[in-house]
$ cat model_28.txt   # compact mmCIF, C-alpha atoms
# COMPACT_ATOMS: atom_id res chain seq x y z
CA MET A 225 83.74 89.59 141.08
CA ASN A 226 80.27 89.66 142.60
CA THR A 227 78.07 92.71 142.84
CA LYS A 228 74.38 93.58 142.59
CA ALA A 229 72.26 96.27 141.02
CA GLU A 230 71.25 98.90 143.55
CA GLU A 231 68.79 101.78 143.36
CA PHE A 232 67.18 100.20 140.27
CA GLN A 233 64.78 102.63 138.64
CA GLU A 234 62.75 102.89 135.44
CA ARG A 235 61.09 105.96 134.02
CA GLN A 236 59.59 107.03 130.73
CA LEU A 237 60.09 110.21 128.79
CA THR A 238 59.66 111.47 125.25
CA VAL A 239 62.78 111.86 123.13
CA ALA A 240 62.62 113.21 119.57
CA GLY A 241 58.90 112.53 119.58
CA TRP A 242 59.18 108.89 120.66
CA PRO A 243 58.52 107.33 124.05
CA VAL A 244 61.72 106.12 125.67
CA ASN A 245 62.18 103.96 128.72
CA LEU A 246 65.23 104.76 130.84
CA THR A 247 66.49 102.07 133.18
CA SER A 248 69.24 103.04 135.60
CA TYR A 249 70.99 101.46 138.54
CA ARG A 250 74.30 101.45 140.37
CA LEU A 251 76.83 98.64 140.16
CA GLY A 252 79.46 99.28 142.80
CA GLY A 253 80.59 102.85 142.30
CA GLU A 254 79.41 103.17 138.71
CA TRP A 255 75.98 104.16 137.42
CA HIS A 256 74.57 102.33 134.42
CA CYS A 257 71.74 103.45 132.17
CA LYS A 258 69.91 101.78 129.29
CA ALA A 259 67.51 103.51 126.94
CA ASP A 260 64.96 101.54 124.97
CA ASN A 261 62.19 102.54 122.64
CA VAL A 262 59.17 101.51 124.75
CA SER A 263 57.36 99.99 121.77
CA PRO A 264 58.73 97.56 120.72
CA GLY A 265 61.32 97.80 123.49
CA ALA A 266 64.54 97.49 121.55
CA SER A 267 67.70 98.66 123.29
CA LEU A 268 68.99 101.90 121.86
CA VAL A 269 72.01 102.72 124.00
CA ARG A 270 73.77 101.69 127.14
CA THR A 271 75.84 104.22 129.07
CA THR A 272 77.73 104.65 132.32
CA GLY A 273 78.47 107.61 134.54
CA ALA A 274 79.68 108.72 137.93
CA THR A 275 76.10 109.67 138.85
CA ARG A 276 72.64 108.56 137.74
CA GLN A 277 72.14 111.94 136.12
CA GLU A 278 75.34 111.69 134.11
CA ALA A 279 74.54 108.18 132.86
CA GLU A 280 70.97 109.18 131.95
CA ASP A 281 72.04 112.38 130.20
CA LYS A 282 74.46 110.45 128.01
CA ALA A 283 71.79 107.89 127.18
CA VAL A 284 69.22 110.53 126.26
CA THR A 285 71.70 112.39 124.04
CA ARG A 286 72.62 109.26 122.11
CA ALA A 287 69.05 108.02 121.92
CA GLU A 288 67.94 111.36 120.53
CA ALA A 289 70.45 111.11 117.69
CA LEU A 290 69.17 107.65 116.76
CA LEU A 291 65.48 108.39 117.12
CA ALA A 292 65.68 111.60 115.11
CA ARG A 293 66.54 109.48 112.06
CA THR A 294 63.32 107.50 112.20
CA LYS A 295 61.06 108.36 109.28
CA ARG A 296 57.30 108.41 109.63
CA HIS A 297 55.57 107.35 106.43
CA VAL A 298 52.15 108.50 105.35
CA ILE A 299 49.70 105.60 105.30
CA MET B 80 52.28 78.90 137.83
CA ALA B 81 49.52 81.37 136.78
CA GLY B 82 47.42 78.66 135.11
CA TYR B 83 49.77 77.97 132.23
CA THR B 84 49.28 74.80 130.22
CA HIS B 85 52.99 73.94 130.29
CA SER B 86 54.26 75.71 133.37
CA GLU B 87 57.33 73.46 133.35
CA VAL B 88 58.92 75.66 130.67
CA LEU B 89 59.15 78.62 133.02
CA VAL B 90 61.16 79.16 136.19
CA SER B 91 61.18 82.07 138.60
CA THR B 92 64.21 84.16 139.52
CA GLU B 93 63.99 82.59 142.95
CA TRP B 94 64.19 79.10 141.45
CA VAL B 95 67.30 80.13 139.54
CA ALA B 96 68.86 81.66 142.65
CA ASN B 97 68.35 78.31 144.38
CA HIS B 98 69.94 76.32 141.53
CA LEU B 99 73.05 78.38 140.79
CA THR B 100 75.36 75.50 141.65
CA ASP B 101 73.12 72.64 140.49
CA PRO B 102 75.39 70.53 138.23
CA ASN B 103 72.45 69.52 136.05
CA VAL B 104 71.50 73.12 135.32
CA ARG B 105 73.16 75.31 132.70
CA ILE B 106 72.18 78.98 132.76
CA VAL B 107 72.56 81.02 129.58
CA GLU B 108 72.08 84.75 129.05
CA VAL B 109 70.96 85.87 125.59
CA ASP B 110 70.58 89.61 125.15
CA VAL B 111 69.53 91.97 122.42
CA ASP B 112 72.37 94.14 123.66
CA THR B 113 75.27 91.71 123.66
CA LYS B 114 77.32 93.99 125.94
CA ALA B 115 74.92 93.56 128.84
CA TYR B 116 76.41 90.24 129.95
CA SER B 117 79.85 91.68 130.65
CA GLU B 118 78.32 94.31 132.91
CA GLY B 119 77.27 91.55 135.30
CA HIS B 120 75.16 88.41 134.97
CA VAL B 121 73.55 85.62 136.95
CA PRO B 122 76.48 83.88 138.70
CA GLY B 123 77.54 80.85 136.70
CA ALA B 124 75.71 81.93 133.54
CA ILE B 125 77.38 81.76 130.17
CA ALA B 126 76.40 84.00 127.25
CA TRP B 127 75.23 83.28 123.72
CA ALA B 128 75.34 86.13 121.23
CA TRP B 129 72.21 86.13 119.07
CA ASN B 130 73.95 87.78 116.13
CA THR B 131 76.91 85.41 115.88
CA GLN B 132 76.07 82.21 117.76
CA LEU B 133 72.33 81.82 117.22
CA CYS B 134 72.15 82.32 113.49
CA ASP B 135 74.03 81.34 110.39
CA THR B 136 76.19 84.37 109.72
CA VAL B 137 76.49 83.64 105.98
CA ARG B 138 73.11 82.28 104.91
CA ARG B 139 70.11 84.04 106.31
CA ASP B 140 69.06 81.16 108.48
CA ILE B 141 68.90 79.71 111.95
CA LEU B 142 71.70 77.46 113.18
CA SER B 143 72.29 74.26 111.30
CA LYS B 144 72.05 71.04 113.27
CA SER B 145 75.84 70.73 113.40
CA LYS B 146 76.25 74.33 114.57
CA MET B 147 73.67 73.80 117.28
CA GLU B 148 75.52 70.65 118.37
CA GLU B 149 78.75 72.62 118.55
CA LEU B 150 77.11 75.42 120.54
CA LEU B 151 75.57 73.06 123.06
CA SER B 152 78.73 70.94 123.32
CA SER B 153 80.94 73.95 123.95
CA SER B 154 78.41 75.16 126.52
CA GLY B 155 78.66 71.96 128.52
CA VAL B 156 75.09 70.94 127.74
CA SER B 157 74.08 67.28 127.54
CA PRO B 158 70.64 65.96 126.54
CA ASN B 159 69.68 65.68 130.21
CA THR B 160 70.75 69.19 131.14
CA THR B 161 68.10 71.60 132.37
CA LEU B 162 68.80 74.60 130.20
CA ILE B 163 67.71 77.91 131.72
CA ILE B 164 67.70 80.84 129.33
CA TYR B 165 67.12 84.48 130.17
CA GLY B 166 67.93 87.85 128.70
CA ASP B 167 67.19 91.51 128.40
CA ASN B 168 64.08 93.11 126.89
CA ASN B 169 61.79 90.69 128.70
CA ASN B 170 63.50 87.70 127.11
CA TRP B 171 63.27 88.67 123.42
CA PHE B 172 66.31 86.80 122.17
CA ALA B 173 66.17 84.37 125.07
CA ALA B 174 62.92 83.17 123.51
CA TRP B 175 64.71 82.97 120.16
CA ALA B 176 67.25 80.64 121.78
CA VAL B 177 64.50 78.55 123.40
CA TRP B 178 62.78 78.23 120.02
CA GLN B 179 65.95 76.91 118.37
CA ALA B 180 66.78 74.59 121.26
CA LYS B 181 63.27 73.13 121.06
CA LEU B 182 63.54 72.92 117.28
CA TYR B 183 66.63 70.74 117.65
CA GLY B 184 65.00 68.56 120.27
CA HIS B 185 66.42 69.69 123.59
CA HIS B 186 63.76 68.47 125.96
CA ASP B 187 64.27 70.52 129.11
CA VAL B 188 64.75 74.13 128.17
CA ARG B 189 63.06 76.85 130.21
CA LEU B 190 62.84 80.62 130.34
CA MET B 191 63.56 82.55 133.53
CA ASN B 192 60.36 84.53 133.98
CA GLY B 193 61.07 88.26 133.94
CA GLY B 194 64.52 87.85 132.47
CA ARG B 195 67.51 90.02 133.22
CA LYS B 196 65.42 93.00 134.21
CA LYS B 197 63.69 91.18 137.05
CA TRP B 198 66.97 89.70 138.31
CA LEU B 199 68.54 93.16 138.45
CA SER B 200 65.52 94.89 139.92
CA GLU B 201 65.41 92.36 142.76
CA GLY B 202 69.00 93.22 143.65
CA ARG B 203 70.18 89.66 143.20
CA ASP B 204 73.86 88.76 142.95
CA LEU B 205 75.65 89.49 139.71
CA SER B 206 78.98 88.12 138.57
CA THR B 207 81.48 89.28 135.98
CA ASP B 208 83.25 85.91 135.88
CA THR B 209 82.97 83.96 132.64
CA PRO B 210 82.56 80.24 133.34
CA GLN B 211 84.26 77.64 131.14
CA PRO B 212 81.95 74.61 131.25
CA PRO B 213 83.41 71.18 130.56
CA ARG B 214 82.83 70.24 126.94
CA THR B 215 80.24 67.61 126.01
CA GLN B 216 79.46 65.74 122.77
CA TYR B 217 75.88 66.84 122.15
CA GLN B 218 73.87 65.08 119.48
CA ALA B 219 70.86 67.09 118.38
CA SER B 220 67.72 65.80 116.70
CA ASP B 221 66.86 66.76 113.17
CA ALA B 222 65.07 70.10 113.04
CA ASP B 223 61.41 69.85 114.03
CA LEU B 224 59.92 71.94 111.26
CA SER B 225 56.50 71.82 112.85
CA LEU B 226 57.77 74.74 114.92
CA ARG B 227 58.90 76.87 111.97
CA ALA B 228 56.99 78.56 109.17
CA TYR B 229 58.47 79.33 105.78
CA LEU B 230 57.26 81.81 103.20
CA PRO B 231 55.02 79.39 101.23
CA GLN B 232 53.08 78.53 104.38
CA VAL B 233 52.57 82.21 105.13
CA GLN B 234 51.45 82.88 101.57
CA GLU B 235 48.97 80.01 101.83
CA ALA B 236 47.67 81.31 105.16
CA SER B 237 47.33 84.82 103.80
CA ILE B 238 45.40 83.75 100.72
CA ASN B 239 43.21 81.01 102.16
CA ARG B 240 43.07 82.10 105.81
CA SER B 241 44.13 78.54 106.63
CA ALA B 242 46.07 79.77 109.67
CA SER B 243 45.86 82.78 111.94
CA LEU B 244 48.65 85.22 111.21
CA VAL B 245 49.70 87.22 114.24
CA ASP B 246 51.97 90.20 113.66
CA VAL B 247 53.64 90.97 116.98
CA ARG B 248 55.36 94.22 115.99
CA SER B 249 54.34 97.61 117.28
CA PRO B 250 51.15 99.19 115.89
CA GLN B 251 53.23 101.73 113.92
CA GLU B 252 55.19 98.97 112.22
CA PHE B 253 52.00 97.02 111.55
CA THR B 254 50.24 99.94 109.90
CA GLY B 255 53.29 100.88 107.85
CA GLU B 256 53.91 104.23 109.51
CA ILE B 257 57.47 103.12 110.26
CA LEU B 258 59.60 100.45 108.61
CA ALA B 259 61.60 99.44 111.69
CA PRO B 260 61.47 100.05 115.42
CA PRO B 261 62.27 103.69 116.24
CA GLY B 262 66.02 104.28 116.24
CA LEU B 263 66.89 101.09 114.37
CA PRO B 264 67.93 100.83 110.70
CA GLU B 265 65.22 100.31 108.13
CA THR B 266 65.75 96.84 106.70
CA CYS B 267 62.88 96.50 104.28
CA GLN B 268 61.56 98.34 101.28
CA ARG B 269 57.93 98.65 102.24
CA GLY B 270 55.82 99.15 105.32
CA GLY B 271 52.62 97.37 106.27
CA HIS B 272 51.67 93.82 107.15
CA VAL B 273 50.87 90.46 105.60
CA PRO B 274 47.28 90.54 104.31
CA GLY B 275 44.97 88.97 106.86
CA ALA B 276 47.34 89.37 109.82
CA ARG B 277 46.15 90.60 113.20
CA ASN B 278 48.30 92.84 115.39
CA VAL B 279 49.05 91.74 118.93
CA PRO B 280 52.32 93.40 119.99
CA TRP B 281 54.56 90.93 121.82
CA SER B 282 54.80 93.21 124.86
CA LYS B 283 51.12 92.81 125.63
CA ALA B 284 52.05 89.42 127.05
CA CYS B 285 54.23 90.97 129.77
CA ASN B 286 53.70 92.64 133.09
CA ASP B 287 55.68 95.75 134.02
CA ASP B 288 58.24 93.65 135.86
CA GLY B 289 58.93 91.62 132.72
CA THR B 290 57.09 88.47 133.82
CA PHE B 291 54.37 86.92 131.72
CA LYS B 292 50.75 87.79 132.38
CA SER B 293 48.49 85.06 133.72
CA ALA B 294 46.98 82.48 131.38
CA ASP B 295 43.53 84.07 131.72
CA GLU B 296 44.89 87.50 130.82
CA LEU B 297 46.84 86.09 127.88
CA ARG B 298 43.84 84.14 126.61
CA ALA B 299 41.74 87.32 126.71
CA ILE B 300 44.37 89.35 124.86
CA TYR B 301 44.77 86.91 121.97
CA SER B 302 41.16 85.83 121.68
CA SER B 303 40.14 89.47 121.30
CA GLU B 304 42.02 89.30 117.99
CA SER B 305 40.56 85.91 117.07
CA ILE B 306 43.78 84.09 118.01
CA ASP B 307 42.28 81.26 120.02
CA GLY B 308 44.04 78.11 118.87
CA SER B 309 41.06 76.86 116.87
CA LYS B 310 43.30 76.85 113.81
CA PRO B 311 47.07 76.90 113.28
CA VAL B 312 48.85 80.10 114.26
CA ILE B 313 51.85 81.67 112.53
CA ALA B 314 53.64 84.41 114.47
CA TYR B 315 55.93 86.90 112.80
CA CYS B 316 57.66 90.20 113.53
CA ARG B 317 60.60 91.86 111.77
CA ILE B 318 63.39 89.26 112.05
CA GLY B 319 61.80 86.51 114.11
CA GLU B 320 62.90 87.15 117.67
CA ARG B 321 59.87 89.02 119.01
CA SER B 322 57.69 86.38 117.37
CA SER B 323 59.67 83.67 119.20
CA HIS B 324 58.44 85.33 122.37
CA THR B 325 54.82 85.15 121.21
CA TRP B 326 55.39 81.62 119.88
CA PHE B 327 56.49 80.65 123.40
CA VAL B 328 53.39 82.23 124.92
CA LEU B 329 50.94 80.58 122.55
CA LYS B 330 52.66 77.19 122.38
CA TYR B 331 53.52 76.65 126.04
CA LEU B 332 51.71 79.10 128.26
CA LEU B 333 48.38 78.78 126.43
CA GLY B 334 49.07 75.31 125.05
CA PHE B 335 47.95 75.84 121.45
CA ASP B 336 48.77 72.72 119.46
CA ASN B 337 49.95 74.20 116.20
CA VAL B 338 52.04 77.35 116.49
CA THR B 339 54.93 78.22 114.22
CA ASN B 340 57.42 81.04 114.10
CA TYR B 341 57.91 82.69 110.71
CA ASP B 342 61.48 83.87 111.24
CA GLY B 343 61.71 85.30 107.73
CA SER B 344 59.16 87.78 109.07
CA TRP B 345 58.71 91.29 107.73
CA THR B 346 62.28 91.60 106.45
CA GLU B 347 61.38 88.80 104.03
CA TRP B 348 57.78 89.68 103.17
CA GLY B 349 58.43 93.41 103.06
CA ASN B 350 61.16 92.92 100.48
CA LEU B 351 59.38 90.39 98.23
CA VAL B 352 58.80 91.27 94.61
CA GLY B 353 55.15 91.10 93.65
CA ALA B 354 53.76 90.43 97.10
CA ASP B 355 50.58 92.05 98.34
CA LEU B 356 50.46 93.82 101.66
CA GLU B 357 47.99 95.77 103.71
CA ARG B 358 48.53 99.13 105.38
CA GLY B 359 46.72 100.78 108.23
CA PRO B 360 44.96 99.15 111.15
CA VAL B 361 42.67 96.15 110.81
CA PRO B 362 39.13 97.49 110.37
CA LYS B 363 37.05 97.11 113.52
CA GLY B 364 34.70 94.17 113.49
CA THR B 365 36.93 92.10 111.18
CA LYS B 366 37.00 88.47 112.25

$ encode --input "model_28.txt" --output "structure tokens"
Amino acid sequence: MNTKAEEFQERQLTVAGWPVNLTSYRLGGEWHCKADNVSPGASLVRTTGATRQEAEDKAVTRAEALLARTKRHVI
Amino acid sequence: MAGYTHSEVLVSTEWVANHLTDPNVRIVEVDVDTKAYSEGHVPGAIAWAWNTQLCDTVRRDILSKSKMEELLSSSGVSPNTTLIIYGDNNNWFAAWAVWQAKLYGHHDVRLMNGGRKKWLSEGRDLSTDTPQPPRTQYQASDADLSLRAYLPQVQEASINRSASLVDVRSPQEFTGEILAPPGLPETCQRGGHVPGARNVPWSKACNDDGTFKSADELRAIYSSESIDGSKPVIAYCRIGERSSHTWFVLKYLLGFDNVTNYDGSWTEWGNLVGADLERGPVPKGTK
């Protein structure tokens, strides 16, 4: 099956004290979202939803749970 | 292309779109997130999983020669195939695949500039079909170890400054503030960096759209940290994939003669018994 990503968008926000990049787009009737941790850019979660908002909300919720575990060490 | 020394190792998304049915071209997607491929990929592309197909899953090592031969054979690749590799996160693990393909002597392997992100953002066709390429009998060369650094070489470089060590992790990983990228499991005992290393995060080499910066911009970025190719360069990160990306930049886009990837990286050095490390940023003015 062939499709294409439509309404591709990226935006940054802060989640649990860390910068997060949210990439979202629509494939057919389904919205897809990916959250990554800006620096270094590793993928944290990938979600889907019926709307962009739903896919992004799921991604932020899951990313927050992961990022909240990151320990900052005193240097 | 943008003044690169070896521009032949890079192709644009447009070039790929025009070669989707070229029988001499094999397109491979390699993602950090191995689920991305099934969501939709470049039509005709196959997928390699970095965590099962591009490493030895028992030893901590890259593919053996025989495993690489099996991977390329099952992927329908012959020695004359133009191998186009792309992936998510601006080609992190795609560069890891290029590094191993080069290490085992595949001559014509190229990255798709901008990777998966650029393909998607341009609204290009995506497919969910999984091709089954006709099998070949690929014979790889012995590993070219001039492309790979092992621990003793890094120790030598750290002590004698015989090579430039470039740590391509984030500044927080470099200083020791965090032990792994935010949100990922900590896989080493200590934070910091190899003594003598300079910090040039891999992402500095990329534009916002995922493509590589121009040769002039890249040269300025690395030379500002005394990475200018005047002596051998060893790139490292946490597990060796981000440093493959920087290895690609220094070796091919800037054309440095002697660049190696230390794939043991921080998960090796940071867990060594009795090894020195440095914490905090490199003092200003340090050459």

$ closest_residue --input "model_28.txt" --among "A:Thr285, A:Thr275, A:Thr238, A:Thr294" --to "chain B" --atoms "all atoms listed in the file"
A:Thr294

$ residues_around --input "model_28.txt" --residues "Val107 of chain B" --least-positions-apart "2" --cutoff "7 Å" --atoms "only C-alpha atoms" --output "VMD selection string"
chain B and resid 105 109 124 to 127 163 to 165

$ write_last_selection --input "model_28.txt" --atoms "C-alpha atoms" --output "PDB file, in the frame of the given file"
ATOM      1  CA  ARG B 105      73.160  75.310 132.700  1.00  0.00           C
ATOM      2  CA  VAL B 109      70.960  85.870 125.590  1.00  0.00           C
ATOM      3  CA  ALA B 124      75.710  81.930 133.540  1.00  0.00           C
ATOM      4  CA  ILE B 125      77.380  81.760 130.170  1.00  0.00           C
ATOM      5  CA  ALA B 126      76.400  84.000 127.250  1.00  0.00           C
ATOM      6  CA  TRP B 127      75.230  83.280 123.720  1.00  0.00           C
ATOM      7  CA  ILE B 163      67.710  77.910 131.720  1.00  0.00           C
ATOM      8  CA  ILE B 164      67.700  80.840 129.330  1.00  0.00           C
ATOM      9  CA  TYR B 165      67.120  84.480 130.170  1.00  0.00           C
TER      10      TYR B 165
END

$ axis_aligned_box --input "model_28.txt" --around "segment 251-261 of chain B" --padding-each-side "3 Å" --output "lines of an AutoDock Vina configuration file"
center_x = 56.3
center_y = 100.6
center_z = 112.0
size_x = 18.0
size_y = 13.2
size_z = 14.4

$ closest_residue --input "model_28.txt" --among "A:Glu280, A:Gly265, A:Ala240, A:Asn245" --to "chain B" --atoms "only C-alpha atoms"
A:Gly265

$ closest_residue --input "model_28.txt" --among "B:Ser154, B:Asn168, B:Gln251, B:Asn239" --to "Tyr217 of chain B" --atoms "all atoms listed in the file"
B:Ser154

$ interface_residues --input "model_28.txt" --of "chain A" --to "chain B" --cutoff "8 Å" --atoms "all atoms listed in the file" --output "list in words"
Met225, Asn226, Thr227, Lys228, Ala229, Glu230, Phe232, Gln233, Trp242, Asn261, Ser263, Pro264, Gly265, Ala266, Ser267, Leu268, Ala287, Leu290, Leu291, Ala292, Arg293, Thr294, Lys295, Arg296, His297, Val298 and Ile299 of chain A

$ write_last_selection --input "model_28.txt" --atoms "C-alpha atoms" --output "compact mmCIF listing (two decimals), keeping the file's coordinate frame"
# COMPACT_ATOMS: atom_id res chain seq x y z
CA MET A 225 83.74 89.59 141.08
CA ASN A 226 80.27 89.66 142.60
CA THR A 227 78.07 92.71 142.84
CA LYS A 228 74.38 93.58 142.59
CA ALA A 229 72.26 96.27 141.02
CA GLU A 230 71.25 98.90 143.55
CA PHE A 232 67.18 100.20 140.27
CA GLN A 233 64.78 102.63 138.64
CA TRP A 242 59.18 108.89 120.66
CA ASN A 261 62.19 102.54 122.64
CA SER A 263 57.36 99.99 121.77
CA PRO A 264 58.73 97.56 120.72
CA GLY A 265 61.32 97.80 123.49
CA ALA A 266 64.54 97.49 121.55
CA SER A 267 67.70 98.66 123.29
CA LEU A 268 68.99 101.90 121.86
CA ALA A 287 69.05 108.02 121.92
CA LEU A 290 69.17 107.65 116.76
CA LEU A 291 65.48 108.39 117.12
CA ALA A 292 65.68 111.60 115.11
CA ARG A 293 66.54 109.48 112.06
CA THR A 294 63.32 107.50 112.20
CA LYS A 295 61.06 108.36 109.28
CA ARG A 296 57.30 108.41 109.63
CA HIS A 297 55.57 107.35 106.43
CA VAL A 298 52.15 108.50 105.35
CA ILE A 299 49.70 105.60 105.30

$ residues_near_point --input "model_28.txt" --point "(64.5, 88.1, 103.9)" --cutoff "10 Å" --atoms "only C-alpha atoms" --output "ChimeraX atom specification"
/B:139-140,230,266-267,317-318,342-351

$ atom_distance --input "model_28.txt" --atom1 "atom CA of Lys292 of chain B" --atom2 "atom CA of Val95 of chain B"
19.6 Å

$ atom_distance --input "model_28.txt" --atom1 "atom CA of Pro213 of chain B" --atom2 "atom CA of His98 of chain B"
18.1 Å

$ closest_residue --input "model_28.txt" --among "A:Gly253, A:Gly241, A:Leu246, A:Arg235" --to "Asp281 of chain A" --atoms "all atoms listed in the file"
A:Leu246

$ atom_distance --input "model_28.txt" --atom1 "atom CA of Asn340 of chain B" --atom2 "atom CA of Val104 of chain B"
26.7 Å
